[in-house]
>>> print(open('structure_12.txt').read())   # compact mmCIF, C-alpha atoms
# COMPACT_ATOMS: atom_id res chain seq x y z
CA MET A 1 0.00 0.00 0.00
CA LYS A 2 1.48 3.33 -1.09
CA ARG A 3 0.35 6.30 1.02
CA ILE A 4 0.10 9.54 -0.95
CA MET A 5 -0.99 12.94 0.30
CA ILE A 6 -2.53 15.31 -2.25
CA CYS A 7 -2.99 18.99 -1.47
CA TRP A 8 -3.00 22.49 -2.87
CA ILE A 9 -0.15 24.76 -1.81
CA GLY A 10 -1.79 27.54 0.17
CA ASN A 11 -0.75 31.11 0.80
CA THR A 12 -0.04 30.37 4.47
CA ASP A 13 2.42 27.66 3.42
CA LEU A 14 4.23 30.09 1.13
CA GLN A 15 4.27 32.77 3.83
CA ALA A 16 5.80 30.30 6.29
CA SER A 17 8.69 29.63 3.90
CA GLU A 18 9.12 33.38 3.39
CA GLY A 19 9.61 34.02 7.10
CA GLU A 20 6.17 35.39 7.97
CA ASP A 21 4.92 34.79 11.51
CA VAL A 22 2.36 32.13 10.58
CA GLY A 23 3.99 29.02 12.00
CA VAL A 24 5.26 26.33 9.65
CA GLY A 25 2.07 26.15 7.60
CA PRO A 26 -0.42 23.27 7.36
CA ILE A 27 1.55 21.20 4.84
CA ALA A 28 4.83 21.16 6.80
CA GLN A 29 2.87 20.45 9.95
CA ALA A 30 1.25 17.40 8.36
CA LEU A 31 4.49 16.06 6.88
CA GLU A 32 6.27 16.38 10.22
CA LYS A 33 3.53 14.41 12.02
CA ARG A 34 2.40 11.87 9.43
CA GLU A 35 4.33 9.46 7.20
CA PHE A 36 3.70 9.43 3.47
CA GLU A 37 5.61 7.78 0.65
CA GLU A 38 4.97 10.75 -1.62
CA VAL A 39 3.19 14.11 -1.83
CA PHE A 40 1.37 15.46 -4.87
CA PHE A 41 1.41 19.28 -4.70
CA ILE A 42 -1.03 21.31 -6.82
CA THR A 43 -0.56 25.04 -7.28
CA ASP A 44 -1.61 27.99 -9.38
CA TYR A 45 0.90 30.35 -7.72
CA GLU A 46 3.80 31.72 -9.75
CA ALA A 47 6.97 29.63 -9.90
CA ALA A 48 8.99 32.44 -8.29
CA ARG A 49 7.19 31.75 -4.99
CA VAL A 50 6.69 28.00 -5.34
CA LYS A 51 10.27 26.92 -6.10
CA PRO A 52 11.74 28.47 -2.91
CA TYR A 53 8.91 26.87 -0.96
CA LEU A 54 9.76 23.41 -2.34
CA ASN A 55 13.40 23.83 -1.25
CA TRP A 56 12.23 24.98 2.18
CA ILE A 57 9.77 22.11 2.68
CA LYS A 58 12.34 19.56 1.54
CA GLU A 59 14.67 20.66 4.36
CA ARG A 60 11.90 20.27 6.94
CA ALA A 61 10.39 17.02 5.62
CA PRO A 62 12.30 15.18 2.87
CA THR A 63 9.23 13.34 1.56
CA PRO A 64 9.44 12.82 -2.23
CA HIS A 65 7.01 15.01 -4.12
CA GLN A 66 5.54 15.76 -7.51
CA LEU A 67 4.42 19.27 -8.45
CA PHE A 68 1.48 20.05 -10.73
CA TYR A 69 1.09 23.61 -12.00
CA ARG A 70 -2.56 24.23 -12.88
CA GLN A 71 -4.05 27.59 -13.90
CA LEU A 72 -7.28 28.70 -12.23
CA SER A 73 -9.44 31.60 -13.38
CA SER A 74 -10.41 32.00 -9.72
CA PRO A 75 -9.38 30.17 -6.51
CA THR A 76 -13.08 29.75 -5.74
CA HIS A 77 -14.21 28.36 -9.11
CA PHE A 78 -15.68 25.02 -8.02
CA GLY A 79 -15.87 23.51 -11.51
CA GLU A 80 -12.22 24.17 -12.35
CA ILE A 81 -11.03 23.09 -8.90
CA TYR A 82 -13.02 19.85 -9.15
CA GLU A 83 -11.68 18.96 -12.60
CA ILE A 84 -8.09 19.66 -11.60
CA ALA A 85 -8.28 17.82 -8.26
CA ALA A 86 -9.97 14.80 -9.85
CA SER A 87 -7.36 14.62 -12.61
CA ILE A 88 -4.51 14.63 -10.07
CA CYS A 89 -6.20 11.87 -8.07
CA GLN A 90 -6.51 9.81 -11.24
CA GLU A 91 -2.86 10.53 -12.02
CA ALA A 92 -1.86 9.06 -8.65
CA LEU A 93 -3.92 5.92 -9.27
CA ASP A 94 -2.58 5.56 -12.82
CA GLN A 95 0.98 5.73 -11.50
CA TYR A 96 0.65 3.45 -8.51
CA GLY A 97 -2.48 1.35 -9.00
CA ASP A 98 -5.63 0.71 -7.03
CA GLN A 99 -3.69 -0.20 -3.87
CA THR A 100 -2.77 3.45 -3.41
CA GLU A 101 -4.03 4.98 -0.17
CA LEU A 102 -4.95 8.62 -0.72
CA THR A 103 -5.01 11.41 1.87
CA PHE A 104 -6.45 14.85 1.09
CA HIS A 105 -5.28 17.81 3.18
CA LEU A 106 -8.17 20.21 3.73
CA SER A 107 -6.31 23.11 5.34
CA PRO A 108 -4.12 24.52 2.53
CA GLY A 109 -5.92 26.65 -0.05
CA THR A 110 -9.39 28.15 -0.18
CA PRO A 111 -12.64 26.87 1.37
CA ALA A 112 -13.77 25.91 -2.14
CA MET A 113 -10.73 23.66 -2.47
CA ALA A 114 -11.49 22.03 0.89
CA ALA A 115 -15.11 21.46 -0.15
CA VAL A 116 -14.02 19.74 -3.36
CA TRP A 117 -11.69 17.41 -1.43
CA ILE A 118 -14.63 16.38 0.76
CA ILE A 119 -16.82 15.70 -2.29
CA LEU A 120 -14.11 13.63 -3.98
CA ALA A 121 -13.30 11.66 -0.81
CA LYS A 122 -16.94 10.72 -0.35
CA THR A 123 -17.63 9.85 -3.99
CA ARG A 124 -15.07 9.12 -6.72
CA PHE A 125 -11.83 8.74 -4.76
CA PRO A 126 -12.25 7.34 -1.23
CA ALA A 127 -9.56 9.00 0.88
CA GLU A 128 -8.62 10.04 4.38
CA LEU A 129 -9.25 13.71 5.11
CA ILE A 130 -6.87 15.57 7.40
CA GLU A 131 -6.69 19.13 8.69
CA SER A 132 -4.07 21.01 10.68
CA SER A 133 -3.81 24.19 12.71
CA ARG A 134 -1.34 25.86 15.05
CA ALA A 135 -3.71 25.38 17.97
CA HIS A 136 -4.76 21.74 17.48
CA GLY A 137 -2.03 20.17 15.37
CA VAL A 138 -2.80 17.53 12.72
CA GLN A 139 -6.10 15.70 12.95
CA THR A 140 -8.20 13.36 10.86
CA ALA A 141 -11.27 15.27 9.74
CA SER A 142 -14.47 13.39 10.45
CA VAL A 143 -16.98 14.29 7.76
CA PRO A 144 -19.80 11.70 7.72
CA PHE A 145 -21.40 11.21 4.34
CA ASP A 146 -24.78 11.34 6.09
CA ILE A 147 -24.16 15.01 6.83
CA SER A 148 -25.73 15.70 3.45
CA ALA A 149 -29.04 14.12 4.49
CA GLU A 150 -30.47 17.32 5.95
CA PHE A 151 -29.82 19.10 2.64
CA LEU A 152 -31.24 16.37 0.37
CA PRO A 153 -34.93 17.39 0.45
CA THR A 154 -34.13 20.83 -0.97
CA LEU A 155 -31.44 19.49 -3.28
CA LEU A 156 -33.77 16.91 -4.83
CA GLN A 157 -36.84 19.09 -5.33
CA LYS A 158 -35.97 19.95 -8.94
CA PRO A 159 -34.91 16.40 -9.96
CA ASP A 160 -38.05 14.98 -8.34
CA ALA A 161 -40.20 17.39 -10.32
CA GLU A 162 -38.44 16.34 -13.52
CA LEU A 163 -39.00 12.66 -12.74
CA ARG A 164 -42.69 13.27 -12.06
CA SER A 165 -42.95 15.05 -15.40
CA LEU A 166 -41.33 12.12 -17.18
CA SER A 167 -43.58 9.60 -15.43
CA GLU A 168 -46.54 11.53 -16.86
CA GLU A 169 -45.01 11.07 -20.33
CA LYS A 170 -44.28 14.77 -20.77
CA PRO A 171 -40.94 15.21 -22.54
CA THR A 172 -38.81 18.02 -21.14
CA GLU A 173 -37.23 20.61 -23.40
CA SER A 174 -33.75 19.63 -22.23
CA ALA A 175 -34.26 15.97 -23.06
CA ASN A 176 -32.07 15.70 -26.12
CA PHE A 177 -28.70 14.26 -27.00
CA GLY A 178 -27.80 16.43 -29.97
CA ASP A 179 -28.09 14.04 -32.90
CA ILE A 180 -30.98 12.06 -31.39
CA ILE A 181 -34.14 13.46 -32.93
CA TYR A 182 -37.45 12.32 -31.42
CA ARG A 183 -40.95 13.36 -30.42
CA SER A 184 -41.97 10.36 -28.34
CA PRO A 185 -42.26 10.80 -24.54
CA VAL A 186 -41.00 7.23 -24.19
CA ILE A 187 -37.73 8.12 -25.90
CA ALA A 188 -37.58 11.28 -23.77
CA ARG A 189 -37.41 9.02 -20.71
CA VAL A 190 -34.71 6.88 -22.35
CA VAL A 191 -32.67 10.01 -23.07
CA GLU A 192 -32.99 11.14 -19.44
CA LYS A 193 -31.85 7.71 -18.22
CA SER A 194 -28.91 7.87 -20.60
CA LYS A 195 -27.92 11.29 -19.32
CA ARG A 196 -27.85 9.98 -15.77
CA ALA A 197 -25.74 7.00 -16.84
CA ALA A 198 -23.30 9.22 -18.73
CA VAL A 199 -21.84 10.85 -15.61
CA ARG A 200 -21.00 7.48 -14.00
CA ASN A 201 -18.34 4.83 -14.68
CA ILE A 202 -20.76 1.92 -15.07
CA PRO A 203 -21.67 -0.61 -17.77
CA VAL A 204 -24.84 0.16 -19.75
CA LEU A 205 -26.93 -2.46 -21.57
CA PHE A 206 -29.03 -1.40 -24.58
CA GLU A 207 -31.76 -3.71 -25.83
CA GLY A 208 -33.62 -3.07 -29.05
CA GLU A 209 -34.22 -4.28 -32.57
CA SER A 210 -31.86 -3.44 -35.42
CA GLY A 211 -32.11 0.20 -36.43
CA THR A 212 -33.46 1.51 -33.12
CA GLY A 213 -30.32 3.59 -32.46
CA LYS A 214 -28.36 1.60 -29.90
CA GLU A 215 -25.00 2.80 -31.19
CA LEU A 216 -26.32 6.36 -31.46
CA PHE A 217 -27.20 6.30 -27.76
CA ALA A 218 -23.88 4.67 -26.84
CA ARG A 219 -21.95 7.40 -28.65
CA ALA A 220 -24.10 10.12 -27.05
CA ILE A 221 -23.37 8.72 -23.59
CA HIS A 222 -19.65 8.60 -24.37
CA GLU A 223 -19.60 12.19 -25.62
CA SER A 224 -21.42 13.39 -22.48
CA SER A 225 -19.22 11.43 -20.06
CA PRO A 226 -15.96 12.13 -18.19
CA ARG A 227 -14.37 9.73 -20.73
CA LYS A 228 -15.25 11.85 -23.77
CA GLU A 229 -11.60 12.74 -24.46
CA GLY A 230 -10.77 9.03 -24.75
CA PRO A 231 -11.50 6.74 -27.71
CA PHE A 232 -14.91 5.36 -28.64
CA ILE A 233 -14.36 1.81 -29.92
CA THR A 234 -17.19 -0.05 -31.67
CA VAL A 235 -16.89 -3.84 -31.91
CA ASN A 236 -19.29 -5.92 -34.01
CA CYS A 237 -19.29 -9.07 -31.91
CA GLY A 238 -21.32 -10.94 -34.50
CA ALA A 239 -18.49 -10.59 -37.03
CA ILE A 240 -15.77 -12.08 -34.81
CA PRO A 241 -14.96 -15.76 -35.56
CA PRO A 242 -15.60 -17.76 -32.35
CA GLY A 243 -12.01 -19.00 -32.15
CA LEU A 244 -10.59 -15.47 -32.31
CA ALA A 245 -12.94 -13.75 -29.86
CA GLU A 246 -10.52 -13.82 -26.94
CA SER A 247 -7.65 -12.50 -29.07
CA GLU A 248 -9.80 -9.76 -30.63
CA LEU A 249 -11.12 -8.51 -27.30
CA PHE A 250 -8.12 -8.96 -25.03
CA GLY A 251 -5.15 -9.04 -27.43
CA HIS A 252 -2.28 -11.49 -27.75
CA LYS A 253 1.50 -11.74 -27.76
CA LYS A 254 3.59 -12.69 -30.76
CA ASN A 255 3.65 -16.48 -31.34
CA ALA A 256 0.80 -17.04 -28.86
CA PHE A 257 -0.78 -19.17 -31.61
CA THR A 258 0.00 -20.16 -35.18
CA ASP A 259 -0.93 -16.94 -37.00
CA ALA A 260 0.15 -14.54 -34.24
CA ARG A 261 3.07 -12.89 -36.07
CA THR A 262 3.11 -9.72 -33.92
CA ASP A 263 1.88 -8.44 -30.58
CA ARG A 264 -1.67 -7.14 -30.87
CA LYS A 265 -3.67 -4.90 -28.56
CA GLY A 266 -7.19 -6.07 -27.81
CA HIS A 267 -10.24 -3.85 -28.20
CA PHE A 268 -10.49 -3.34 -24.43
CA GLU A 269 -6.93 -2.02 -24.24
CA GLU A 270 -7.56 0.22 -27.25
CA ALA A 271 -10.59 1.67 -25.46
CA ASN A 272 -8.68 2.35 -22.23
CA LYS A 273 -9.89 5.64 -20.60
CA GLY A 274 -12.62 5.82 -23.23
CA THR A 275 -15.67 3.70 -24.05
CA ILE A 276 -16.11 0.33 -25.74
CA PHE A 277 -19.41 -0.48 -27.46
CA LEU A 278 -19.95 -4.22 -27.87
CA ASP A 279 -22.56 -4.42 -30.62
CA GLU A 280 -24.53 -7.70 -30.74
CA ILE A 281 -22.81 -8.91 -27.57
CA GLY A 282 -25.24 -11.84 -27.46
CA GLU A 283 -23.46 -13.32 -30.50
CA LEU A 284 -20.26 -13.98 -28.51
CA PRO A 285 -19.55 -17.56 -27.38
CA LYS A 286 -20.92 -18.19 -23.89
CA GLU A 287 -17.47 -18.88 -22.44
CA ILE A 288 -16.32 -15.40 -23.59
>>> encode(input="structure_12.txt", output="structure tokens")
Amino acid sequence: MKRIMICWIGNTDLQASEGEDVGVGPIAQALEKREFEEVFFITDYEAARVKPYLNWIKERAPTPHQLFYRQLSSPTHFGEIYEIAASICQEALDQYGDQTELTFHLSPGTPAMAAVWIILAKTRFPAELIESSRAHGVQTASVPFDISAEFLPTLLQKPDAELRSLSEEKPTESANFGDIIYRSPVIARVVEKSKRAAVRNIPVLFEGESGTGKELFARAIHESSPRKEGPFITVNCGAIPPGLAESELFGHKKNAFTDARTDRKGHFEEANKGTIFLDEIGELPKEI
């Protein structure tokens, strides 16, 4: 298990390295009290302030680190902060695998940054949350997920109204996926379901006769998902010879069988970080 702390570099941390009377700053405090194999620093401050800080922090706590410069239009822009923080979390997992143990430091940076760490820790990237202060030292921050329960009734009023509208077969104006043209309230509900699926990393099964737009919906989900920058790979499972299905889907090494003259990536590897659409999946051999 590799323990990695991820945090923004805050102004108090920089001031501490510059000799201001602010203590050692929350990051140094955490690194002096907790053990981590590595730290991922994120910053939008200018290099002229950050580089001296890195030299300073290395003298106090020689924990290996990686630095990620990311530009923000505002230190309170939730959308930008979320995208940046999530991408750095994914970078850590890509480098070290699923056995990585993440810790998010809430104290450095703005309240918006702390709020995003809480959201990520309770949803996409389970992580320990810590906070530090001059008065109380370094502590694990206890933020129960159930804390959101008291806010849910208000939060869900609009979605509930939309669901009631759909159940009455009244298509909403927003129910469209660009290239999907329809008038039917039934398809309006399918589009809404697809939109909800698009924001999640989950498998989706489409059932329908030929020509009903299964691939059109699959592509729309891909293009509306966090994976939209990755590839969209379509595989016609009905056209794969039964004996080659495993090789086609999962790849093979050179000389793995008689006609394997080179290494070959499988469709799943080609679709990594994107989406794979298995058309006519029912045509695959049962063992596959």
>>> closest_residue(input="structure_12.txt", among="A:Asp13, A:Asp44, A:Glu128, A:Glu270", to="Gly230 in chain A", atoms="all atoms listed in the file")
A:Glu270
>>> residues_around(input="structure_12.txt", residues="Ala85 in chain A", least_positions_apart="3", cutoff="8 Å", atoms="only C-alpha atoms", output="MDAnalysis selection string")
chainID A and resid 81:82 88:89 116:117
>>> closest_residue(input="structure_12.txt", among="A:Gly238, A:Leu244, A:Arg227, A:Glu18", to="Gly282 in chain A", atoms="only C-alpha atoms")
A:Gly238
>>> closest_residue(input="structure_12.txt", among="A:Arg261, A:Arg183, A:Lys214, A:Arg70", to="Asp279 in chain A", atoms="all atoms listed in the file")
A:Lys214
>>> closest_residue(input="structure_12.txt", among="A:Glu46, A:Glu229, A:Glu246, A:Glu131", to="Pro108 in chain A", atoms="all atoms listed in the file")
A:Glu131
>>> atom_distance(input="structure_12.txt", atom1="CA of Ser194 in chain A", atom2="CA of Glu269 in chain A")
24.4 Å
>>> residues_around(input="structure_12.txt", residues="Leu284 in chain A", least_positions_apart="3", cutoff="8 Å", atoms="all atoms listed in the file", output="PyMOL selection string")
chain A and resi 237-238+240+242+245+280-281+288
